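Colleague: This is data_0.txt, which holds compact mmCIF, C-alpha atoms:
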```txt
# COMPACT_ATOMS: atom_id res chain seq x y z
CA MET A 15 63.23 148.26 85.51
CA PRO A 16 62.18 144.93 83.98
CA SER A 17 59.30 143.10 85.56
CA PRO A 18 59.92 139.84 87.44
CA ASP A 19 58.33 137.95 84.55
CA THR A 20 60.86 139.31 82.05
CA GLN A 21 63.97 138.77 84.21
CA PRO A 22 66.25 135.99 82.94
CA ASN A 23 66.23 132.76 84.95
CA THR A 24 69.68 132.46 86.58
CA ARG A 25 69.01 129.21 88.43
CA ARG A 26 71.05 126.29 87.16
CA THR A 27 69.40 123.04 86.23
CA PRO A 28 70.37 119.81 88.06
CA LEU A 29 72.29 118.72 84.96
CA GLU A 30 74.32 121.94 84.95
CA ARG A 31 75.09 121.60 88.67
CA ALA A 32 76.16 117.97 88.18
CA THR A 33 78.37 119.02 85.24
CA PHE A 34 80.09 121.73 87.29
CA LEU A 35 80.57 119.31 90.19
CA LEU A 36 82.08 116.67 87.91
CA LEU A 37 84.38 119.25 86.31
CA PHE A 38 85.47 120.43 89.76
CA LEU A 39 86.25 116.85 90.84
CA ILE A 40 88.25 116.14 87.68
CA LEU A 41 90.30 119.33 88.05
CA SER A 42 90.86 118.62 91.75
CA VAL A 43 92.15 115.10 91.06
CA TYR A 44 94.39 116.38 88.28
CA ALA A 45 95.80 119.11 90.56
CA LEU A 46 96.42 116.64 93.41
CA VAL A 47 98.35 114.31 91.10
CA GLU A 48 100.38 117.10 89.52
CA VAL A 49 101.46 118.70 92.80
CA ALA A 50 101.90 115.45 94.74
CA ASP A 51 105.68 115.88 95.15
CA PHE A 52 105.08 119.30 96.69
CA LEU A 53 102.00 118.56 98.80
CA TYR A 54 102.63 115.19 100.42
CA PRO A 55 105.85 116.31 102.22
CA ILE A 56 103.86 119.20 103.71
CA CYS A 57 101.04 116.84 104.76
CA LEU A 58 103.58 114.47 106.32
CA ALA A 59 105.19 117.42 108.10
CA VAL A 60 101.81 118.38 109.57
CA LEU A 61 101.26 114.85 110.93
CA PHE A 62 104.81 114.54 112.31
CA ALA A 63 104.49 117.99 113.88
CA PHE A 64 101.43 116.75 115.77
CA LEU A 65 103.40 113.64 116.75
CA ILE A 66 106.27 115.54 118.39
CA HIS A 67 104.18 118.47 119.62
CA PRO A 68 103.78 116.99 123.15
CA LEU A 69 107.57 116.74 123.52
CA ALA A 70 108.13 120.25 122.17
CA SER A 71 105.45 121.66 124.49
CA PHE A 72 106.90 119.79 127.48
CA LEU A 73 110.38 121.20 126.85
CA GLU A 74 108.99 124.69 126.33
CA ILE A 75 106.93 124.55 129.54
CA ASN A 76 110.09 123.58 131.43
CA GLY A 77 111.89 126.75 130.42
CA ILE A 78 113.56 125.79 127.13
CA HIS A 79 113.19 128.36 124.35
CA ARG A 80 110.71 127.40 121.63
CA ILE A 81 113.39 127.32 118.93
CA LEU A 82 115.61 124.95 120.90
CA ALA A 83 112.63 122.84 122.03
CA ASN A 84 111.50 122.41 118.43
CA LEU A 85 115.00 121.51 117.25
CA VAL A 86 115.47 118.92 120.01
CA SER A 87 112.08 117.35 119.25
CA ILE A 88 112.75 117.15 115.50
CA LEU A 89 116.26 115.73 116.01
CA THR A 90 114.88 113.10 118.39
CA LEU A 91 112.35 111.97 115.78
CA LEU A 92 114.97 111.94 113.02
CA LEU A 93 117.37 109.86 115.12
CA ILE A 94 114.66 107.28 115.83
CA LEU A 95 113.61 107.06 112.17
CA THR A 96 117.24 106.91 110.99
CA GLY A 97 118.01 104.07 113.40
CA ALA A 98 114.95 102.13 112.24
CA ILE A 99 115.85 102.59 108.56
CA PHE A 100 119.46 101.54 109.22
CA VAL A 101 118.39 98.31 110.96
CA LEU A 102 115.91 97.55 108.16
CA TYR A 103 118.51 98.24 105.46
CA GLN A 104 121.01 95.85 107.08
CA GLN A 105 118.41 93.08 107.20
CA VAL A 106 117.37 93.69 103.58
CA ASP A 107 121.02 93.52 102.50
CA VAL A 108 121.41 90.12 104.18
CA PHE A 109 118.22 88.87 102.54
CA ILE A 110 119.26 90.04 99.07
CA ASN A 111 122.67 88.36 99.38
CA ASP A 112 120.92 85.07 100.20
CA VAL A 113 118.53 85.24 97.24
CA PRO A 114 120.43 82.63 95.12
CA THR A 115 120.21 80.07 97.95
CA LEU A 116 116.59 80.94 98.62
CA LYS A 117 115.76 80.59 94.95
CA THR A 118 117.16 77.05 94.92
CA GLN A 119 115.15 76.07 97.99
CA ALA A 120 112.01 77.71 96.60
CA ARG A 121 112.38 75.85 93.30
CA SER A 122 112.74 72.56 95.15
CA ASN A 123 109.65 73.27 97.26
CA LEU A 124 107.61 74.27 94.23
CA LEU A 125 108.66 71.21 92.24
CA SER A 126 107.48 69.03 95.14
CA LEU A 127 104.20 70.98 95.31
CA GLU A 128 103.71 70.71 91.57
CA SER A 129 104.38 66.97 91.66
CA ALA A 130 101.83 66.53 94.46
CA ILE A 131 99.23 68.52 92.50
CA ARG A 132 99.91 66.47 89.37
CA ASP A 133 99.55 63.20 91.28
CA THR A 134 96.31 64.39 92.89
CA PHE A 135 94.53 65.82 89.87
CA GLY A 136 96.14 63.65 87.18
CA GLU A 137 94.84 64.38 83.71
CA PHE A 138 92.94 67.47 84.89
CA TYR A 139 96.25 69.21 85.54
CA THR A 140 97.21 70.34 82.03
CA ILE A 141 99.86 72.94 82.84
CA GLU A 142 103.30 72.01 81.51
CA GLU A 143 105.79 70.58 83.97
CA GLY A 144 107.99 73.13 85.74
CA TRP A 145 105.75 76.09 84.86
CA LEU A 146 104.87 76.89 88.48
CA SER A 147 108.41 76.67 89.84
CA HIS A 148 109.84 78.65 86.93
CA ASN A 149 107.42 81.54 87.31
CA ILE A 150 107.54 81.72 91.11
CA THR A 151 111.33 81.71 91.21
CA PHE A 152 111.27 84.43 88.59
CA VAL A 153 109.02 86.44 90.92
CA ILE A 154 111.50 85.91 93.79
CA GLU A 155 114.40 87.10 91.68
CA SER A 156 112.50 90.12 90.42
CA GLY A 157 111.34 90.76 94.00
CA SER A 158 114.93 91.08 95.20
CA GLN A 159 115.57 93.56 92.42
CA GLN A 160 112.45 95.43 93.50
CA LEU A 161 113.80 95.64 97.06
CA ARG A 162 116.97 97.25 95.76
CA SER A 163 114.96 99.65 93.62
CA ILE A 164 112.71 100.50 96.59
CA PHE A 165 115.73 101.61 98.62
CA ALA A 166 117.06 103.47 95.60
CA THR A 167 113.67 105.16 95.25
CA THR A 168 113.69 105.89 98.98
CA THR A 169 117.03 107.60 98.55
CA GLY A 170 115.56 109.66 95.72
CA ALA A 171 112.47 110.44 97.78
CA ALA A 172 114.75 111.54 100.64
CA ALA A 173 115.80 114.47 98.47
CA ARG A 174 112.15 115.50 98.12
CA LEU A 175 111.63 115.00 101.86
CA ALA A 176 114.73 117.00 102.78
CA LEU A 177 112.53 119.99 103.58
CA LEU A 178 110.37 117.92 105.93
CA PRO A 179 112.28 118.97 109.11
CA VAL A 180 112.10 122.59 107.96
CA TYR A 181 108.35 122.36 107.47
CA MET A 182 107.98 120.71 110.87
CA PHE A 183 110.04 123.39 112.59
CA PHE A 184 108.00 126.27 111.20
CA LEU A 185 104.68 124.51 111.80
CA LEU A 186 105.64 124.11 115.46
CA PHE A 187 107.16 127.58 115.74
CA TYR A 188 104.14 129.38 114.24
CA ARG A 189 101.46 127.15 115.76
CA ASP A 190 99.96 130.00 117.82
CA LYS A 191 99.96 132.25 114.77
CA PHE A 192 98.02 129.67 112.73
CA ILE A 193 95.34 129.47 115.44
CA ILE A 194 94.99 133.28 115.55
CA PHE A 195 94.81 133.36 111.75
CA ILE A 196 91.94 130.83 111.73
CA LYS A 197 90.06 132.80 114.39
CA MET A 198 90.50 135.99 112.35
CA LEU A 199 88.64 134.31 109.49
CA VAL A 200 85.49 133.67 111.54
CA PRO A 201 83.17 136.15 113.29
CA LYS A 202 83.85 136.93 116.94
CA GLU A 203 80.73 135.12 118.09
CA LYS A 204 82.13 131.94 116.51
CA HIS A 205 85.53 132.10 118.26
CA GLU A 206 84.47 129.69 120.99
CA ASP A 207 83.29 127.16 118.40
CA ALA A 208 86.53 127.66 116.46
CA ASP A 209 88.60 127.00 119.60
CA TYR A 210 86.65 123.82 120.32
CA THR A 211 87.01 122.60 116.70
CA ILE A 212 90.76 123.26 116.68
CA GLN A 213 91.21 121.43 119.99
CA GLU A 214 89.13 118.49 118.74
CA ILE A 215 91.15 118.19 115.53
CA SER A 216 94.46 118.53 117.39
CA ALA A 217 93.50 115.86 119.92
CA MET A 218 92.31 113.50 117.16
CA VAL A 219 95.43 113.80 114.97
CA ARG A 220 97.80 113.63 117.94
CA SER A 221 96.04 110.57 119.35
CA TYR A 222 96.08 108.85 115.97
CA MET A 223 99.76 109.54 115.26
CA VAL A 224 101.02 108.60 118.71
CA GLY A 225 98.77 105.55 118.74
CA VAL A 226 99.69 104.18 115.32
CA PHE A 227 103.44 104.60 115.93
CA THR A 228 103.12 102.93 119.32
CA VAL A 229 101.18 100.00 117.84
CA VAL A 230 103.75 99.53 115.05
CA PHE A 231 106.61 99.71 117.57
CA VAL A 232 105.01 97.05 119.77
CA LEU A 233 104.22 94.87 116.75
CA CYS A 234 107.89 95.02 115.64
CA PHE A 235 108.83 93.23 118.88
CA LEU A 236 105.85 90.85 118.91
CA ASN A 237 106.32 89.82 115.27
CA THR A 238 110.08 89.37 115.58
CA ILE A 239 109.93 87.39 118.84
CA GLY A 240 107.13 85.21 117.45
CA LEU A 241 108.98 84.49 114.21
CA LEU A 242 112.15 83.67 116.16
CA ILE A 243 110.16 81.18 118.26
CA VAL A 244 108.70 79.62 115.09
CA GLY A 245 112.24 79.38 113.69
CA VAL A 246 111.73 81.28 110.44
CA LYS A 247 114.78 82.76 108.73
CA TYR A 248 115.11 86.55 108.57
CA ALA A 249 112.77 86.91 111.55
CA ILE A 250 113.89 90.49 112.27
CA LEU A 251 113.37 91.67 108.68
CA LEU A 252 110.00 89.95 108.31
CA GLY A 253 108.84 91.10 111.73
CA ILE A 254 109.68 94.74 111.03
CA LEU A 255 108.20 94.68 107.52
CA SER A 256 104.99 93.10 108.78
CA ALA A 257 104.69 95.72 111.51
CA ILE A 258 105.39 98.63 109.13
CA MET A 259 102.53 97.47 106.91
CA ASN A 260 100.15 98.32 109.76
CA PHE A 261 100.62 102.00 108.91
CA ILE A 262 98.16 101.22 106.10
CA PRO A 263 94.69 100.64 107.59
CA TYR A 264 93.00 97.28 106.84
CA PHE A 265 95.18 96.36 103.83
CA GLY A 266 98.35 96.54 105.92
CA THR A 267 97.13 93.75 108.18
CA LEU A 268 96.67 91.36 105.24
CA ILE A 269 99.93 92.35 103.55
CA GLY A 270 101.85 92.17 106.83
CA GLY A 271 100.76 88.58 107.43
CA ALA A 272 101.18 87.51 103.80
CA ILE A 273 104.87 88.52 103.61
CA PRO A 274 106.31 86.09 106.22
CA LEU A 275 103.81 83.38 105.26
CA THR A 276 104.93 83.49 101.62
CA VAL A 277 108.61 83.52 102.57
CA ALA A 278 108.11 80.55 104.90
CA LEU A 279 106.23 78.57 102.24
CA LEU A 280 108.85 79.18 99.56
CA THR A 281 112.15 79.13 101.44
CA GLU A 282 111.73 76.72 104.38
CA SER A 283 112.29 72.98 104.05
CA SER A 284 109.14 71.98 105.95
CA PRO A 285 105.51 73.22 105.78
CA ARG A 286 105.39 73.32 109.59
CA TYR A 287 107.10 76.73 109.47
CA ALA A 288 104.29 78.15 107.32
CA VAL A 289 101.70 76.64 109.67
CA GLY A 290 103.53 78.18 112.63
CA VAL A 291 103.61 81.59 110.93
CA LEU A 292 99.91 81.36 110.12
CA ILE A 293 98.99 80.52 113.73
CA LEU A 294 101.34 83.23 115.01
CA PHE A 295 99.79 85.98 112.92
CA VAL A 296 96.26 84.92 113.76
CA ILE A 297 97.19 85.35 117.44
CA ILE A 298 99.04 88.63 116.83
CA GLN A 299 96.26 90.12 114.72
CA PHE A 300 93.69 89.15 117.34
CA THR A 301 95.86 90.84 119.97
CA GLU A 302 96.36 93.93 117.82
CA ASN A 303 92.67 94.30 116.88
CA ASN A 304 91.23 93.62 120.33
CA ILE A 305 93.90 94.82 122.78
CA LEU A 306 96.56 97.08 121.24
CA THR A 307 94.60 99.29 118.83
CA PRO A 308 91.48 99.80 121.01
CA ASN A 309 93.57 100.70 124.08
CA ILE A 310 96.34 102.68 122.35
CA THR A 311 94.76 104.31 119.31
CA GLY A 312 91.13 103.98 120.34
CA GLY A 313 88.37 105.40 118.17
CA SER A 314 90.10 108.75 117.70
CA VAL A 315 89.37 109.13 113.98
CA ASN A 316 85.78 107.80 114.04
CA ILE A 317 85.65 106.99 110.32
CA ASN A 318 83.64 103.91 109.39
CA PRO A 319 85.49 100.98 107.76
CA PHE A 320 83.82 101.37 104.35
CA THR A 321 84.89 105.02 104.08
CA THR A 322 88.35 104.11 105.36
CA ILE A 323 88.86 101.43 102.70
CA LEU A 324 87.65 103.69 99.88
CA SER A 325 89.85 106.55 101.15
CA VAL A 326 92.93 104.33 101.32
CA ILE A 327 92.35 103.02 97.77
CA VAL A 328 91.82 106.50 96.28
CA ALA A 329 94.79 107.98 98.17
CA GLY A 330 96.97 105.09 97.00
CA LEU A 331 95.97 105.74 93.39
CA LEU A 332 96.75 109.45 93.73
CA TRP A 333 99.85 109.56 95.96
CA GLY A 334 100.98 105.95 96.38
CA LEU A 335 102.13 104.69 99.80
CA PRO A 336 102.48 108.19 101.35
CA GLY A 337 98.87 108.89 100.43
CA MET A 338 97.67 105.64 102.03
CA PHE A 339 99.35 106.64 105.30
CA ILE A 340 98.29 110.29 105.21
CA VAL A 341 94.64 109.97 104.24
CA ILE A 342 93.05 108.66 107.46
CA PRO A 343 93.88 111.55 109.86
CA PHE A 344 92.95 114.05 107.14
CA MET A 345 89.63 112.28 106.60
CA GLY A 346 89.12 112.48 110.36
CA THR A 347 89.83 116.21 110.21
CA LEU A 348 87.38 116.60 107.34
CA ARG A 349 84.70 114.74 109.32
CA ILE A 350 85.15 117.05 112.32
CA LEU A 351 84.90 120.16 110.12
CA MET A 352 81.76 118.85 108.43
CA LYS A 353 80.28 117.90 111.81
CA HIS A 354 80.46 121.57 112.87
CA SER A 355 78.84 122.77 109.63
CA PRO A 356 75.02 122.45 109.65
CA ARG A 357 74.84 121.92 105.88
CA LEU A 358 77.49 119.18 105.90
CA GLN A 359 76.44 117.32 109.04
CA PRO A 360 74.66 114.62 106.99
CA VAL A 361 77.94 113.85 105.19
CA ALA A 362 79.80 113.73 108.51
CA TYR A 363 77.20 111.27 109.78
CA LEU A 364 77.52 109.17 106.61
CA ILE A 365 81.29 108.73 106.81
CA GLY A 366 81.39 108.44 110.61
CA VAL A 367 80.66 105.52 112.93
CA GLU A 368 77.55 106.98 114.54
CA GLY A 369 74.28 105.10 114.26
CA MET A 370 75.73 101.57 114.03
CA GLU A 371 76.65 100.99 117.66
CA HIS A 372 74.07 98.23 118.21
CA HIS A 373 75.41 96.28 115.20
CA ARG A 374 79.04 96.17 116.35
CA LEU A 375 80.60 92.91 117.44
CA SER A 376 82.65 92.71 120.61
CA ILE A 377 84.09 89.92 122.72
CA SER A 378 81.41 90.45 125.36
CA LYS A 379 78.62 90.37 122.76
CA ILE A 380 79.95 87.16 121.20
CA ARG A 381 80.28 85.57 124.64
CA THR A 382 76.73 86.60 125.56
CA TYR A 383 75.37 85.30 122.26
CA PHE A 384 76.87 81.83 122.68
CA ARG A 385 75.77 81.67 126.32
CA ARG A 386 72.20 82.36 125.28
CA ARG A 387 72.45 79.83 122.48
CA LEU A 388 73.60 77.19 124.93
CA ARG A 389 70.70 78.02 127.21
CA GLY A 390 68.24 77.58 124.34
CA LYS A 391 67.07 81.20 124.16
CA TYR A 392 67.66 81.41 120.43
```
Spell out the structure here as structure tokens.

Modeller:
Amino acid sequence: MPSPDTQPNTRRTPLERATFLLLFLILSVYALVEVADFLYPICLAVLFAFLIHPLASFLEINGIHRILANLVSILTLLLILTGAIFVLYQQVDVFINDVPTLKTQARSNLLSLESAIRDTFGEFYTIEEGWLSHNITFVIESGSQQLRSIFATTTGAAARLALLPVYMFFLLFYRDKFIIFIKMLVPKEKHEDADYTIQEISAMVRSYMVGVFTVVFVLCFLNTIGLLIVGVKYAILLGILSAIMNFIPYFGTLIGGAIPLTVALLTESSPRYAVGVLILFVIIQFTENNILTPNITGGSVNINPFTTILSVIVAGLLWGLPGMFIVIPFMGTLRILMKHSPRLQPVAYLIGVEGMEHHRLSISKIRTYFRRRLRGKY
């Protein structure tokens, strides 16, 4: 038997560990991109299964067989989504048919804007006349073509998502079996911890899904009613599109407000419509951030904003729009799993919201701050 001094050193150097980690990350990213068409429908099915699970459980508790309860729940969700897509498609069709008229109005508005800029800046404005209006109207025309292609792509994606109801049905049907399977993987003394972790993840995902759909549904009405009051054309289409963008955390808020603002600037005869849209969305976003989301969605995911933004960007690069919608509840699940692992608790703390409570801004804190300022305490 060789002495300890002659045994080969099997410990890897930091450079070797970093190399293996980098190789693992590269292979993981490559695999996620390659199997995206297979994986993201399953991930969506998991989230939608959590969304309709309360209805399926309610029906089952009231004596309806699990198979029938699952089918009724899935059909209810499909009917709601189909109705929403049908309404949106009708509005898009009206908008696309009006593109020639809108292009004429947009060109007139841009020529007036360009003339005002030229008069203001004079010789400093060196861009050739008509450049701005020509390029923006080209963007409008190509944008209408993009809308058609988006619905064509959606039709193509529908074929890939055709198995989504099937996935949802079996996820709901075998939900008890999945829990037993997970508990079989851990020692018996850890079963209580496993039960608590599963319940925590289930509550988080269900709260997030129900909350985000409720917020978007409410915003559809608020946006549409507000745009109708302002007098903007295509208020229903713009209101629904702006609300749908809120499925994407942080970026959706900016995109949702930019869509009707841009349309109002380019296609309305007076700038007062754009000003009205701007004021409207400031009010709506304040309402959504301070009233709707905190009271409906709450802090169920508990992922800090920096991690959320990075996750949305990376998921968008990998899986596009489906990835941007999917990533947040899965990051929340990952945080919960890491929180219950002693070795990964530091990472859970890093991506979570813990430790920054005293730095958060709230309406009450802002009010208290200005009261103290007025009293001369600062």

Colleague: With distances taken over all atoms listed in the file, which of A:Leu35, A:Leu178, A:Met345, A:Ile212 is nearest to A:Phe192?

Modeller: A:Ile212

Colleague: What does the structure give for the distance between atom CA of A:Ala208 and atom CA of A:Phe38, in Å to one decimal?

Modeller: 27.7 Å

Colleague: List the spatial neighbours of stretch 198-207 of chain A as a ChimeraX atom specification - criterion: any atom at most 12 Å away, only C-alpha atoms, same-chain residues fewer than 6 positions off excluded.

Modeller: /A:191-192,213-214,350-351,353-355

Colleague: Excluding stretch 285-288 of chain A and residues on its chain fewer than 4 positions from it, collect all residues at most 8 Å away from it, counting all atoms listed in the file, and give them as a CSV table (one decimal) with C-alpha atoms, in the frame of the given file.

Modeller:
```csv
chain,number,residue,atom,x,y,z
A,244,VAL,CA,108.7,79.6,115.1
A,245,GLY,CA,112.2,79.4,113.7
A,246,VAL,CA,111.7,81.3,110.4
A,275,LEU,CA,103.8,83.4,105.3
A,276,THR,CA,104.9,83.5,101.6
A,278,ALA,CA,108.1,80.6,104.9
A,279,LEU,CA,106.2,78.6,102.2
A,292,LEU,CA,99.9,81.4,110.1
```

Colleague: Which distance in Å separates atom CA of A:Val277 and atom CA of A:Ile262, to one decimal?

Modeller: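 Straight-line distance from atom CA of A:Val277 to atom CA of A:Ile262 works out to 20.9 Å.
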
Colleague: Could you check which of A:Ile342, A:Ile94, A:Leu175, A:Leu280 is closest to A:Val328, using all atoms listed in the file?

Modeller: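 For A:Val328, the nearest of the candidates is A:Ile342.
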
Colleague: Which one of A:Thr267, A:Thr118, A:Gln104, A:Thr321 sits closest to A:Tyr248 if you count all atoms listed in the file?

Modeller: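 Smallest distance to A:Tyr248 is found for A:Gln104.
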